Amino acid sequence: MFNKLTEQLKANTRTIVFTEGTDGRILDAASKLAADNILKVILLGEESAVKKAAQEAGLSIDGCEIIDPERYDEMDAMVDEMVALRKGKMTAEEVREALKKSNYFGTMLVKMGKADCLLGGATYSTADTVRPALQLIKTKPGNKIVSSCFIMVRGDEKLAMGDCAININPNEDELAEIAVETAKTAKVFGIDPKVAMLSYSTYGSGKGDMVTLVANATKKVKEAAPDLAVDGELQFDAAVAPEVAKVKCSGSPVAGQANTFIFPDINAGNIGYKIAARLGGFEAIGPILQGLNAPINDLSRGCNAQEVYKMALVTAALS
C-alpha cells in the first residue's frame with residue numbers, strides 16, 4: 001500500500017505541515033520524506049531549537065522549511081483571516097495569542113493554502129488537533145460531524161473500520177455519515193468497500209434500541225449512497241464468514257465478504273480494531289479524520305517515527 005502511495009505523491013507533490021518540529025519522531029520522518037522528494041515538509045518551531053534537535057538526533061532536515069509562529073512575516077494577514085473565520089468569537093488579540101500555538105498556526109497555514117495537509121498530536125491530545133480544525137477548516141458541505149477510521153493492513157489484505165476514535169455514541173444520522181465517509185476513505189486506499197453495519201443482531205434476530213439504531217442508520221446510508229454496497233444490521237460473523245452469511249442472510253450484497261466495518265459506538269470500535277491488531281496481526285493505520293474540508297490528522301502520543309512517516313503518506317494522499 002505504501003509503495004503505491006509514495007509513487008502517487010512523488011508524481012503530484014503535496015506540502016505537509018508538522019506541528020511539533022522539535023520532536024525526534026517527527027524529525028526522523030520529515031528528514032526521510034524530504035530527502036526522498038516524496039513531500040514538501042514544513043516544521044513548526046523556533047528555528048534554532050528545531051535545528052538543534054535534528055543535529056542531536058543525527059538527522060538532516062536541509063530539505064525542510066522551518067517556520068517559527070512567533071516570527072512569521074505574514075502574521076498580520078493570518079490574524080485578520082482567523083478573526084473573520086471566528087466571526088466575533090475571538091478578538092484580534094486573542095487570535096494572535098492562539099496563533100503562537102502550533103496547532104492553531106499550522107491549521108491556518110492549511111486554511112490559507114500554504115500547506116495541503118497537517119499532521120500533529122505526537123505530544124498533545126486528539127482534542128487539540130480536532131478543535132482548531134473544526135473552528136477553522138470546518139466540515140465539508142453536507143457533513144455535520146468529524147469522524148475517523150482505521151485502515152487495517154495485513155500483507156495484501158486491507159480493511160477499513162470506523163468510527164473507533166472520535167464519536168462516542170453516534171445517533172442514526174451520525175452513524176450513517178460515518179459509514180459513507182469511511183467508504184470514501186476506503187476507496188482512497190484501494191479498498192472496494194463492502195460495508196457492514198455491525199450489531200449484536202442480524203436482520204432483527206436481536207431486539208433493543210441499539211439494534212433499531214443500526215437498522216435505521218443502514219436505511220439512511222442506502223438513501224444517501226444508493227450505489228454503495230452496504231447491509232445491516234449484521235453480526236460480525238455474518239459479515240465476514242460466507243457459511244454464516246448463507247444461513248443468516250442469504251442474498252446479501254455484503255454479508256460474508258465485508259471489508260469495511262461500521263461499529264455502533266466507540267466502545268465496540270476501539271475494542272474491535274485493537275483485537276484485530278493485537279490478535280489478528282493487522283497493522284492499524286490511523287485514526288484518519290474524515291469529514292473536514294482539508295486533511296488534518298492526529299498522531300498517537302505513543303507513536304514511533306515509522307508510524308509518523310506512514311501517517312504523513314496517508315494524510316497527504318487524502319489531499
# chains A, B, ... in the order shown; residues from 1 in each chain; ligands from 1
>>> closest_atom_pairs(of="region 84-144 of chain A", to="region 9-32 of chain A", cutoff="12 Å", atoms="only C-alpha atoms", output="tab-separated table")
residue	atom	partner	partner_atom	distance
A:Leu99	CA	A:Thr19	CA	11.8
A:Lys100	CA	A:Thr19	CA	11.4
A:Lys101	CA	A:Thr19	CA	8.9
A:Ser102	CA	A:Thr19	CA	5.3
A:Asn103	CA	A:Thr19	CA	5.9
A:Tyr104	CA	A:Thr19	CA	9.0
A:Phe105	CA	A:Thr19	CA	8.3
A:Gly106	CA	A:Thr19	CA	6.1
A:Thr107	CA	A:Val17	CA	8.6
A:Met108	CA	A:Val17	CA	10.5
A:Leu109	CA	A:Val17	CA	8.0
A:Val110	CA	A:Val17	CA	8.0
A:Lys111	CA	A:Val17	CA	11.7
A:Gly113	CA	A:Thr15	CA	9.7
A:Lys114	CA	A:Thr15	CA	8.0
A:Ala115	CA	A:Thr15	CA	5.0
A:Asp116	CA	A:Thr15	CA	5.3
A:Cys117	CA	A:Ile16	CA	5.0
A:Leu118	CA	A:Val17	CA	4.8
A:Leu119	CA	A:Phe18	CA	5.3
A:Gly120	CA	A:Thr19	CA	5.3
A:Gly121	CA	A:Thr19	CA	7.9
A:Ala122	CA	A:Glu20	CA	7.3
A:Thr123	CA	A:Glu20	CA	7.6
A:Tyr124	CA	A:Glu20	CA	9.4
A:Asp128	CA	A:Thr19	CA	11.2
A:Thr129	CA	A:Thr19	CA	9.6
>>> select_by_dssp(residues="region 52-114 of chain A", states="helix (DSSP H, G or I)", output="PDB file with C-alpha atoms, in the first residue's frame")
ATOM      1  CA  LYS A  52      19.490  21.662  17.362  1.00  0.00           C
ATOM      2  CA  ALA A  53      17.041  18.778  17.894  1.00  0.00           C
ATOM      3  CA  ALA A  54      17.770  17.438  14.415  1.00  0.00           C
ATOM      4  CA  GLN A  55      21.526  17.740  14.888  1.00  0.00           C
ATOM      5  CA  GLU A  56      21.405  15.936  18.235  1.00  0.00           C
ATOM      6  CA  PRO A  69       4.955  31.083  14.527  1.00  0.00           C
ATOM      7  CA  GLU A  70       6.285  33.968  16.617  1.00  0.00           C
ATOM      8  CA  ARG A  71       8.410  35.298  13.761  1.00  0.00           C
ATOM      9  CA  MET A  75       1.179  37.062  10.785  1.00  0.00           C
ATOM     10  CA  ASP A  76      -0.978  40.188  10.400  1.00  0.00           C
ATOM     11  CA  ALA A  77      -2.761  38.717   7.383  1.00  0.00           C
ATOM     12  CA  MET A  78      -3.202  35.421   9.229  1.00  0.00           C
ATOM     13  CA  VAL A  79      -4.689  37.202  12.244  1.00  0.00           C
ATOM     14  CA  ASP A  80      -7.157  39.074  10.037  1.00  0.00           C
ATOM     15  CA  GLU A  81      -8.182  35.847   8.308  1.00  0.00           C
ATOM     16  CA  MET A  82      -8.696  33.978  11.567  1.00  0.00           C
ATOM     17  CA  VAL A  83     -10.664  36.836  13.140  1.00  0.00           C
ATOM     18  CA  ALA A  84     -13.007  36.690  10.150  1.00  0.00           C
ATOM     19  CA  LEU A  85     -13.309  32.909  10.425  1.00  0.00           C
ATOM     20  CA  ARG A  86     -14.164  33.091  14.134  1.00  0.00           C
ATOM     21  CA  ALA A  92      -7.597  40.093  17.289  1.00  0.00           C
ATOM     22  CA  GLU A  93      -5.546  39.932  20.486  1.00  0.00           C
ATOM     23  CA  GLU A  94      -6.996  36.527  21.399  1.00  0.00           C
ATOM     24  CA  VAL A  95      -6.355  35.257  17.886  1.00  0.00           C
ATOM     25  CA  ARG A  96      -2.761  36.473  17.905  1.00  0.00           C
ATOM     26  CA  GLU A  97      -2.199  34.666  21.213  1.00  0.00           C
ATOM     27  CA  ALA A  98      -3.790  31.458  19.881  1.00  0.00           C
ATOM     28  CA  SER A 102       1.491  25.402  16.657  1.00  0.00           C
ATOM     29  CA  ASN A 103      -1.818  23.565  16.358  1.00  0.00           C
ATOM     30  CA  TYR A 104      -3.700  26.783  15.515  1.00  0.00           C
ATOM     31  CA  PHE A 105      -0.868  28.229  13.451  1.00  0.00           C
ATOM     32  CA  GLY A 106      -0.439  25.046  11.424  1.00  0.00           C
ATOM     33  CA  THR A 107      -4.176  24.766  10.811  1.00  0.00           C
ATOM     34  CA  MET A 108      -4.205  28.325   9.495  1.00  0.00           C
ATOM     35  CA  LEU A 109      -1.323  27.509   7.115  1.00  0.00           C
ATOM     36  CA  VAL A 110      -3.590  24.841   5.608  1.00  0.00           C
ATOM     37  CA  LYS A 111      -6.601  27.169   5.569  1.00  0.00           C
TER      38      LYS A 111
END
>>> closest_residue(among="A:Leu213, A:Val308, A:Leu318, A:Leu33", to="Asn293 (chain A)", atoms="only C-alpha atoms")
A:Leu318
>>> residues_around(residues="Pro170 (chain A)", least_positions_apart="2", cutoff="10 Å", atoms="only C-alpha atoms", output="ChimeraX atom specification")
/A:145,147,163,166-168,172-178,213,263-266
>>> residues_around(residues="Val146 (chain A)", least_positions_apart="4", cutoff="8 Å", atoms="only C-alpha atoms", output="list of chain:residue names")
A:Thr139, A:Ile166, A:Leu289, A:Gln290, A:Gly291, A:Leu292
>>> write_last_selection(atoms="N, CA and C atoms", output="PDB file, in the first residue's frame")
ATOM      1  N   THR A 139     -16.220  21.488   8.568  1.00  0.00           N
ATOM      2  CA  THR A 139     -16.613  20.265   7.867  1.00  0.00           C
ATOM      3  C   THR A 139     -16.988  20.569   6.413  1.00  0.00           C
ATOM      4  N   ILE A 166     -13.422   8.907  17.584  1.00  0.00           N
ATOM      5  CA  ILE A 166     -13.942  10.270  17.755  1.00  0.00           C
ATOM      6  C   ILE A 166     -15.339  10.305  18.373  1.00  0.00           C
ATOM      7  N   LEU A 289      -8.863  11.143  10.177  1.00  0.00           N
ATOM      8  CA  LEU A 289     -10.026  12.008  10.383  1.00  0.00           C
ATOM      9  C   LEU A 289     -10.772  12.227   9.075  1.00  0.00           C
ATOM     10  N   GLN A 290     -12.100  12.204   9.158  1.00  0.00           N
ATOM     11  CA  GLN A 290     -12.970  12.294   7.986  1.00  0.00           C
ATOM     12  C   GLN A 290     -13.981  13.426   8.140  1.00  0.00           C
ATOM     13  N   GLY A 291     -14.371  13.996   7.019  1.00  0.00           N
ATOM     14  CA  GLY A 291     -15.432  14.991   7.030  1.00  0.00           C
ATOM     15  C   GLY A 291     -14.969  16.432   7.032  1.00  0.00           C
ATOM     16  N   LEU A 292     -13.647  16.664   7.125  1.00  0.00           N
ATOM     17  CA  LEU A 292     -13.118  18.027   7.121  1.00  0.00           C
ATOM     18  C   LEU A 292     -12.865  18.516   5.699  1.00  0.00           C
TER      19      LEU A 292
END
>>> atom_distance(atom1="CA of Cys164 (chain A)", atom2="CA of Ala312 (chain A)")
19.6 Å
>>> residues_around(residues="Ala215 (chain A)", least_positions_apart="5", cutoff="12 Å", atoms="only C-alpha atoms", output="VMD selection string")
chain A and resid 171 to 173 175 to 176 196 to 210 220 to 222 230 to 235 264
>>> select_by_dssp(residues="region 50-296 of chain A", states="strand (DSSP E)", output="JSON, numbers by chain")
{"A": [65, 66, 67, 117, 118, 119, 120, 147, 148, 149, 150, 151, 152, 153, 154, 157, 158, 159, 160, 161, 162, 194, 195, 196, 197, 198, 229, 230, 231, 232, 233, 234, 260, 261, 262, 283, 284, 285, 286, 287, 288, 289, 290, 296]}
>>> write_last_selection(atoms="N, CA and C atoms", output="short mmCIF file (atom, residue, chain, number, x, y, z; two decimals), in the first residue's frame")
data_model
loop_
_atom_site.label_atom_id
_atom_site.label_comp_id
_atom_site.auth_asym_id
_atom_site.auth_seq_id
_atom_site.Cartn_x
_atom_site.Cartn_y
_atom_site.Cartn_z
N GLU A 65 11.35 23.11 5.31
CA GLU A 65 11.17 24.51 5.68
C GLU A 65 10.80 24.59 7.15
N ILE A 66 11.43 25.52 7.86
CA ILE A 66 11.12 25.73 9.28
C ILE A 66 10.42 27.07 9.43
N ILE A 67 9.29 27.06 10.10
CA ILE A 67 8.57 28.31 10.36
C ILE A 67 8.35 28.46 11.85
N CYS A 117 -1.93 19.87 3.92
CA CYS A 117 -2.42 19.00 4.97
C CYS A 117 -1.58 19.18 6.23
N LEU A 118 -2.06 18.63 7.33
CA LEU A 118 -1.40 18.80 8.62
C LEU A 118 -1.41 17.49 9.38
N LEU A 119 -0.31 17.25 10.09
CA LEU A 119 -0.21 16.09 10.97
C LEU A 119 0.35 16.55 12.32
N GLY A 120 -0.36 16.23 13.39
CA GLY A 120 0.06 16.66 14.71
C GLY A 120 -0.41 15.69 15.77
N SER A 147 -15.47 12.45 11.81
CA SER A 147 -15.40 11.07 12.27
C SER A 147 -14.00 10.52 11.97
N SER A 148 -13.81 9.24 12.23
CA SER A 148 -12.49 8.65 11.98
C SER A 148 -12.62 7.22 11.52
N CYS A 149 -11.56 6.75 10.87
CA CYS A 149 -11.47 5.33 10.57
C CYS A 149 -10.02 4.88 10.66
N PHE A 150 -9.84 3.60 10.79
CA PHE A 150 -8.52 2.98 10.69
C PHE A 150 -8.49 2.13 9.43
N ILE A 151 -7.38 2.18 8.72
CA ILE A 151 -7.12 1.22 7.66
C ILE A 151 -6.26 0.13 8.27
N MET A 152 -6.76 -1.08 8.22
CA MET A 152 -6.09 -2.23 8.82
C MET A 152 -5.40 -3.02 7.71
N VAL A 153 -4.09 -3.24 7.87
CA VAL A 153 -3.29 -3.86 6.82
C VAL A 153 -2.61 -5.12 7.35
N ARG A 154 -2.77 -6.21 6.61
CA ARG A 154 -2.08 -7.46 6.92
C ARG A 154 -1.65 -8.09 5.61
N GLU A 157 -3.84 -7.79 2.43
CA GLU A 157 -5.23 -7.63 2.86
C GLU A 157 -5.42 -6.27 3.52
N LYS A 158 -6.50 -5.57 3.15
CA LYS A 158 -6.81 -4.27 3.72
C LYS A 158 -8.28 -4.21 4.12
N LEU A 159 -8.53 -3.65 5.28
CA LEU A 159 -9.88 -3.45 5.80
C LEU A 159 -10.00 -2.01 6.28
N ALA A 160 -11.24 -1.53 6.38
CA ALA A 160 -11.50 -0.21 6.97
C ALA A 160 -12.43 -0.39 8.16
N MET A 161 -12.18 0.35 9.23
CA MET A 161 -13.01 0.27 10.44
C MET A 161 -13.30 1.67 10.96
N GLY A 162 -14.58 1.96 11.21
CA GLY A 162 -14.94 3.27 11.74
C GLY A 162 -16.18 3.18 12.61
N LYS A 194 -17.27 -2.84 0.85
CA LYS A 194 -18.47 -3.63 1.12
C LYS A 194 -18.74 -3.42 2.61
N VAL A 195 -19.74 -2.61 2.90
CA VAL A 195 -19.89 -2.02 4.22
C VAL A 195 -20.87 -2.83 5.08
N ALA A 196 -20.38 -3.28 6.23
CA ALA A 196 -21.22 -3.98 7.20
C ALA A 196 -21.52 -3.06 8.37
N MET A 197 -22.79 -2.83 8.63
CA MET A 197 -23.23 -2.05 9.78
C MET A 197 -23.38 -3.04 10.93
N LEU A 198 -22.43 -3.03 11.85
CA LEU A 198 -22.31 -4.10 12.84
C LEU A 198 -23.24 -3.92 14.04
N ALA A 229 -22.35 -0.65 -1.70
CA ALA A 229 -22.69 -1.98 -1.19
C ALA A 229 -22.66 -1.92 0.33
N VAL A 230 -23.85 -1.94 0.94
CA VAL A 230 -23.95 -1.83 2.40
C VAL A 230 -25.11 -2.70 2.87
N ASP A 231 -24.95 -3.26 4.07
CA ASP A 231 -26.04 -4.05 4.64
C ASP A 231 -25.95 -4.01 6.15
N GLY A 232 -27.09 -4.24 6.78
CA GLY A 232 -27.14 -4.25 8.23
C GLY A 232 -28.57 -4.32 8.71
N GLU A 233 -28.80 -4.54 9.94
CA GLU A 233 -27.71 -4.76 10.88
C GLU A 233 -27.17 -6.19 10.75
N LEU A 234 -25.85 -6.34 10.94
CA LEU A 234 -25.18 -7.63 10.80
C LEU A 234 -24.30 -7.90 12.01
N THR A 260 -15.39 -3.38 5.08
CA THR A 260 -15.50 -2.06 5.70
C THR A 260 -16.52 -2.18 6.82
N PHE A 261 -16.09 -1.96 8.05
CA PHE A 261 -16.90 -2.27 9.22
C PHE A 261 -17.25 -1.00 9.98
N ILE A 262 -18.54 -0.80 10.22
CA ILE A 262 -19.01 0.37 10.95
C ILE A 262 -19.55 -0.11 12.29
N GLU A 283 -1.87 -4.36 11.00
CA GLU A 283 -1.29 -3.06 11.34
C GLU A 283 -2.39 -2.01 11.23
N ALA A 284 -2.57 -1.23 12.28
CA ALA A 284 -3.62 -0.21 12.31
C ALA A 284 -3.05 1.13 11.86
N ILE A 285 -3.53 1.64 10.74
CA ILE A 285 -3.10 2.94 10.23
C ILE A 285 -4.19 3.95 10.55
N GLY A 286 -3.88 4.90 11.42
CA GLY A 286 -4.88 5.88 11.80
C GLY A 286 -4.71 6.32 13.24
N PRO A 287 -5.73 7.00 13.79
CA PRO A 287 -7.01 7.27 13.16
C PRO A 287 -6.93 8.32 12.05
N ILE A 288 -7.66 8.08 10.99
CA ILE A 288 -7.75 9.01 9.87
C ILE A 288 -9.02 9.83 10.06
N LEU A 289 -8.86 11.14 10.18
CA LEU A 289 -10.03 12.01 10.38
C LEU A 289 -10.77 12.23 9.08
N GLN A 290 -12.10 12.20 9.16
CA GLN A 290 -12.97 12.29 7.99
C GLN A 290 -13.98 13.43 8.14
N ILE A 296 -6.53 16.84 7.96
CA ILE A 296 -5.89 17.12 9.24
C ILE A 296 -5.91 15.80 10.01
#
>>> closest_residue(among="A:Ala268, A:Met90, A:Leu43, A:Val211", to="Asp68 (chain A)", atoms="only C-alpha atoms")
A:Leu43
>>> closest_residue(among="A:Arg301, A:Ala165, A:Gln135, A:Met112", to="Lys274 (chain A)", atoms="only C-alpha atoms")
A:Ala165
>>> atom_distance(atom1="CA of Ser125 (chain A)", atom2="CA of Cys303 (chain A)")
12.7 Å
>>> decode(residues="region 56-85 of chain A", atoms="N, CA and C atoms", output="PDB file, in the first residue's frame")
ATOM      1  N   GLU A  56      21.183  16.866  17.124  1.00  0.00           N
ATOM      2  CA  GLU A  56      21.405  15.936  18.235  1.00  0.00           C
ATOM      3  C   GLU A  56      20.940  14.526  17.892  1.00  0.00           C
ATOM      4  N   ALA A  57      19.937  14.440  17.007  1.00  0.00           N
ATOM      5  CA  ALA A  57      19.427  13.135  16.591  1.00  0.00           C
ATOM      6  C   ALA A  57      20.174  12.578  15.384  1.00  0.00           C
ATOM      7  N   GLY A  58      21.109  13.354  14.854  1.00  0.00           N
ATOM      8  CA  GLY A  58      21.876  12.918  13.689  1.00  0.00           C
ATOM      9  C   GLY A  58      21.066  12.898  12.410  1.00  0.00           C
ATOM     10  N   LEU A  59      20.139  13.843  12.298  1.00  0.00           N
ATOM     11  CA  LEU A  59      19.232  13.879  11.145  1.00  0.00           C
ATOM     12  C   LEU A  59      19.470  15.122  10.308  1.00  0.00           C
ATOM     13  N   SER A  60      19.364  14.969   9.000  1.00  0.00           N
ATOM     14  CA  SER A  60      19.443  16.113   8.099  1.00  0.00           C
ATOM     15  C   SER A  60      18.040  16.575   7.746  1.00  0.00           C
ATOM     16  N   ILE A  61      17.766  17.849   7.974  1.00  0.00           N
ATOM     17  CA  ILE A  61      16.474  18.417   7.590  1.00  0.00           C
ATOM     18  C   ILE A  61      16.678  19.558   6.594  1.00  0.00           C
ATOM     19  N   ASP A  62      17.746  19.454   5.798  1.00  0.00           N
ATOM     20  CA  ASP A  62      18.072  20.502   4.834  1.00  0.00           C
ATOM     21  C   ASP A  62      16.939  20.741   3.839  1.00  0.00           C
ATOM     22  N   GLY A  63      16.167  19.691   3.543  1.00  0.00           N
ATOM     23  CA  GLY A  63      15.088  19.835   2.569  1.00  0.00           C
ATOM     24  C   GLY A  63      13.782  20.317   3.152  1.00  0.00           C
ATOM     25  N   CYS A  64      13.772  20.606   4.457  1.00  0.00           N
ATOM     26  CA  CYS A  64      12.538  21.020   5.129  1.00  0.00           C
ATOM     27  C   CYS A  64      12.524  22.535   5.360  1.00  0.00           C
ATOM     28  N   GLU A  65      11.353  23.113   5.309  1.00  0.00           N
ATOM     29  CA  GLU A  65      11.169  24.514   5.676  1.00  0.00           C
ATOM     30  C   GLU A  65      10.805  24.591   7.151  1.00  0.00           C
ATOM     31  N   ILE A  66      11.429  25.517   7.863  1.00  0.00           N
ATOM     32  CA  ILE A  66      11.125  25.726   9.280  1.00  0.00           C
ATOM     33  C   ILE A  66      10.420  27.069   9.425  1.00  0.00           C
ATOM     34  N   ILE A  67       9.291  27.064  10.103  1.00  0.00           N
ATOM     35  CA  ILE A  67       8.571  28.314  10.358  1.00  0.00           C
ATOM     36  C   ILE A  67       8.350  28.464  11.854  1.00  0.00           C
ATOM     37  N   ASP A  68       8.753  29.592  12.375  1.00  0.00           N
ATOM     38  CA  ASP A  68       8.526  29.929  13.775  1.00  0.00           C
ATOM     39  C   ASP A  68       7.267  30.790  13.845  1.00  0.00           C
ATOM     40  N   PRO A  69       6.199  30.299  14.466  1.00  0.00           N
ATOM     41  CA  PRO A  69       4.955  31.083  14.527  1.00  0.00           C
ATOM     42  C   PRO A  69       5.138  32.479  15.117  1.00  0.00           C
ATOM     43  N   GLU A  70       6.110  32.657  15.983  1.00  0.00           N
ATOM     44  CA  GLU A  70       6.285  33.968  16.617  1.00  0.00           C
ATOM     45  C   GLU A  70       7.132  34.923  15.779  1.00  0.00           C
ATOM     46  N   ARG A  71       7.616  34.434  14.640  1.00  0.00           N
ATOM     47  CA  ARG A  71       8.410  35.298  13.761  1.00  0.00           C
ATOM     48  C   ARG A  71       7.933  35.167  12.306  1.00  0.00           C
ATOM     49  N   TYR A  72       6.650  34.985  12.139  1.00  0.00           N
ATOM     50  CA  TYR A  72       6.085  34.747  10.804  1.00  0.00           C
ATOM     51  C   TYR A  72       5.811  36.079  10.119  1.00  0.00           C
ATOM     52  N   ASP A  73       6.347  36.250   8.918  1.00  0.00           N
ATOM     53  CA  ASP A  73       6.247  37.524   8.205  1.00  0.00           C
ATOM     54  C   ASP A  73       4.802  37.908   7.876  1.00  0.00           C
ATOM     55  N   GLU A  74       3.952  36.920   7.668  1.00  0.00           N
ATOM     56  CA  GLU A  74       2.569  37.199   7.248  1.00  0.00           C
ATOM     57  C   GLU A  74       1.577  37.056   8.398  1.00  0.00           C
ATOM     58  N   MET A  75       2.039  37.255   9.620  1.00  0.00           N
ATOM     59  CA  MET A  75       1.179  37.062  10.785  1.00  0.00           C
ATOM     60  C   MET A  75      -0.032  37.995  10.788  1.00  0.00           C
ATOM     61  N   ASP A  76       0.156  39.253  10.385  1.00  0.00           N
ATOM     62  CA  ASP A  76      -0.978  40.188  10.400  1.00  0.00           C
ATOM     63  C   ASP A  76      -2.102  39.714   9.495  1.00  0.00           C
ATOM     64  N   ALA A  77      -1.748  39.235   8.312  1.00  0.00           N
ATOM     65  CA  ALA A  77      -2.761  38.717   7.383  1.00  0.00           C
ATOM     66  C   ALA A  77      -3.426  37.473   7.950  1.00  0.00           C
ATOM     67  N   MET A  78      -2.639  36.633   8.629  1.00  0.00           N
ATOM     68  CA  MET A  78      -3.202  35.421   9.229  1.00  0.00           C
ATOM     69  C   MET A  78      -4.167  35.771  10.356  1.00  0.00           C
ATOM     70  N   VAL A  79      -3.802  36.757  11.164  1.00  0.00           N
ATOM     71  CA  VAL A  79      -4.689  37.202  12.244  1.00  0.00           C
ATOM     72  C   VAL A  79      -6.005  37.704  11.679  1.00  0.00           C
ATOM     73  N   ASP A  80      -5.935  38.543  10.650  1.00  0.00           N
ATOM     74  CA  ASP A  80      -7.157  39.074  10.037  1.00  0.00           C
ATOM     75  C   ASP A  80      -8.048  37.951   9.512  1.00  0.00           C
ATOM     76  N   GLU A  81      -7.431  36.964   8.869  1.00  0.00           N
ATOM     77  CA  GLU A  81      -8.182  35.847   8.308  1.00  0.00           C
ATOM     78  C   GLU A  81      -8.860  35.030   9.411  1.00  0.00           C
ATOM     79  N   MET A  82      -8.128  34.792  10.488  1.00  0.00           N
ATOM     80  CA  MET A  82      -8.696  33.978  11.567  1.00  0.00           C
ATOM     81  C   MET A  82      -9.779  34.736  12.324  1.00  0.00           C
ATOM     82  N   VAL A  83      -9.614  36.024  12.506  1.00  0.00           N
ATOM     83  CA  VAL A  83     -10.664  36.836  13.140  1.00  0.00           C
ATOM     84  C   VAL A  83     -11.955  36.724  12.333  1.00  0.00           C
ATOM     85  N   ALA A  84     -11.829  36.811  11.015  1.00  0.00           N
ATOM     86  CA  ALA A  84     -13.007  36.690  10.150  1.00  0.00           C
ATOM     87  C   ALA A  84     -13.636  35.306  10.264  1.00  0.00           C
ATOM     88  N   LEU A  85     -12.799  34.279  10.321  1.00  0.00           N
ATOM     89  CA  LEU A  85     -13.309  32.909  10.425  1.00  0.00           C
ATOM     90  C   LEU A  85     -14.034  32.674  11.749  1.00  0.00           C
TER      91      LEU A  85
END
